[in-house]
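The structure appears right after this line, and notes come after that.
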Amino acid sequence: MSTPPPDAAPDRPAGVYLHVPFCRNKCAYCDFASFSGLEALHGRYVAALLQEIAGVPSDRLASGFDTLFVGGGTPTALPVDALVGLLRICQQRLGVSRTAEVSLEANPGTVSPADLAALRSAGYNRLSLGVQSLRDDELSLLGRIHSAEEAVQAYHWAREAGFTNVNLDLIYGLPRQTAPQWRESLERALDLSPDHLSLYALSVEEGTPLEECVARGALPAPDDDAAADMYVLAEDLLERAGYAHYEISNWARRGPDDASPDMPALACRHNLKYWRNEPYLGLGSAAHSYDGRCRRGNVTSPIEYVERVEAGRDPTAEVECRDRDQRMDETMMLGLRLVEGVVYAEFARRFGVELGTVYGAQIAEASEDGLLEVDARGIRLTPRGRLLGNRVFSAFLR
């Protein structure tokens, strides 16, 4: 049997990401490429995004696309007709199939029953709600525009509209947050029986209002040990509630269609492309693309993005091509985020070399430290390794 060529292309379709950079209000903790107060730009931005989609080179269409993720920002800050139009052109120009996973991020307070019904009818079939907390005091601290009651209401509206795949985003490790408060928020979320949960530890990002509050002593810095305890609590609660933990921050409800205990059928198929270091196409301001060798990023400013596209100029601001060693390192760092870890056969198929040949010393050391589990299929983080993930990831940077 011949050895496959190094960096053999994955035999799977790529994903498409559309970035909508608008928000009604900028949250206190957020450092994403999102902006409030730009309502006058919405129409021009959508037109520019449609123009960029229409101009995607034919060579990027060869593999096809089986996922579409419209994120932000708050995509539902745009009119429903605009979101429907974006989906339509992705189907027509990019060939996104009608059986694709089509995800839309939305925030409570920006959707109505009629909006959600129209979006579901148009073909959006996975909704990710930015709930963040189900306690009003915590939502106020985070600068969210909705209440806990409105978040629950938005979830029920999504179900009534026909969404059968709904994710809830939650944040833990807030300043002064206690474990019982986190349990309360998490149990209220579980009572809703969402199909998927994404749980993120709060981080204090440079230049955010949260950082300013911490710097002047108005709020204490998040407690890393307390956040770790909350993470372990979440692992236990979600396991007992019937959710499969498939990525460091992500869980999906177990079901009869699950191919394996480590990869539930309701795992976000689009985000799996990132964690498996597979190709994806990013469109819009601040969006990034990866073709398997090079990463490209568009300009961050939505105003500059619009002006470039309107003038017929390329909105790309940066291109970074990785050599083979860097691609292997990234594949390890991203793949180890998954509970299934990095599979020997897949690594060898892609790079034409055995995993142990490249990373034998790192694997042995992390395994001895109790951070990696090694078996005949591959390597993966242990529960302790998930708490110390950055330490493990850095070991695979050469």
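For the structure tokens, the naming scheme is as follows: chains receive sequential letters (A, B, ...) according to their order of presentation, residues are indexed from 1 within each chain, and ligands are indexed from 1 in presentation order.
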
Practice item. Find the spatial neighbours of Arg93 in chain A, counting only C-alpha atoms, within a cut-off of 10 Å - ignore same-chain residues fewer than 2 positions away - and output them as a PyMOL selection string. Key: chain A and resi 50+53-56+58+61+88-91+95-96

Tell me, counting only C-alpha atoms, for each residue of range 94-149 of chain A within 6 Å of range 159-175 of chain A, which pair of atoms is nearest and how far apart they are in Å to one decimal, in rows ordered by chain and increasing number, as JSON lines.
```
{"residue": "A:Leu116", "atom": "CA", "partner": "A:Ala161", "partner_atom": "CA", "distance": 5.8}
{"residue": "A:Ala117", "atom": "CA", "partner": "A:Ala161", "partner_atom": "CA", "distance": 4.5}
{"residue": "A:Arg126", "atom": "CA", "partner": "A:Asn165", "partner_atom": "CA", "distance": 5.0}
{"residue": "A:Leu127", "atom": "CA", "partner": "A:Val166", "partner_atom": "CA", "distance": 4.9}
{"residue": "A:Ser128", "atom": "CA", "partner": "A:Asn167", "partner_atom": "CA", "distance": 4.5}
{"residue": "A:Leu129", "atom": "CA", "partner": "A:Leu168", "partner_atom": "CA", "distance": 5.0}
{"residue": "A:Gly130", "atom": "CA", "partner": "A:Asp169", "partner_atom": "CA", "distance": 5.0}
{"residue": "A:Val131", "atom": "CA", "partner": "A:Asp169", "partner_atom": "CA", "distance": 5.5}
{"residue": "A:Gln132", "atom": "CA", "partner": "A:Leu170", "partner_atom": "CA", "distance": 3.7}
{"residue": "A:Ser133", "atom": "CA", "partner": "A:Leu170", "partner_atom": "CA", "distance": 5.6}
```

Exercise for review: Considering only C-alpha atoms, state which residue in the set A:Ala218, A:Leu334, A:Leu355, A:Leu41 is at the smallest distance from Asn390 in chain A.
Suggested key: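 Nearest candidate to Asn390 in chain A out of A:Ala218, A:Leu334, A:Leu355, A:Leu41: A:Leu334.
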
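Checking A:His19, A:Thr110, A:Arg12, A:Leu372 one by one against His288 in chain A, counting only C-alpha atoms, you find the shortest gap at A:His19.
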
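If only C-alpha atoms are the atoms counted, then among A:Gln153, A:Thr178, A:Ser185, A:Ser249 the closest residue to Asp223 in chain A is A:Thr178.
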
Check your understanding: Taking only C-alpha atoms into account, which of A:Leu219, A:Leu94, A:Ala158, A:Val20 comes nearest Ala287 in chain A?
Key -> A:Val20

Check your understanding: How would you write, as an NGL selection string, the set of residues in range 130-287 of chain A that DSSP gives as helix (DSSP H, G or I)?
Key -> :A and (136-142 or 148-161 or 179-191 or 209-215 or 224-240 or 269-275)
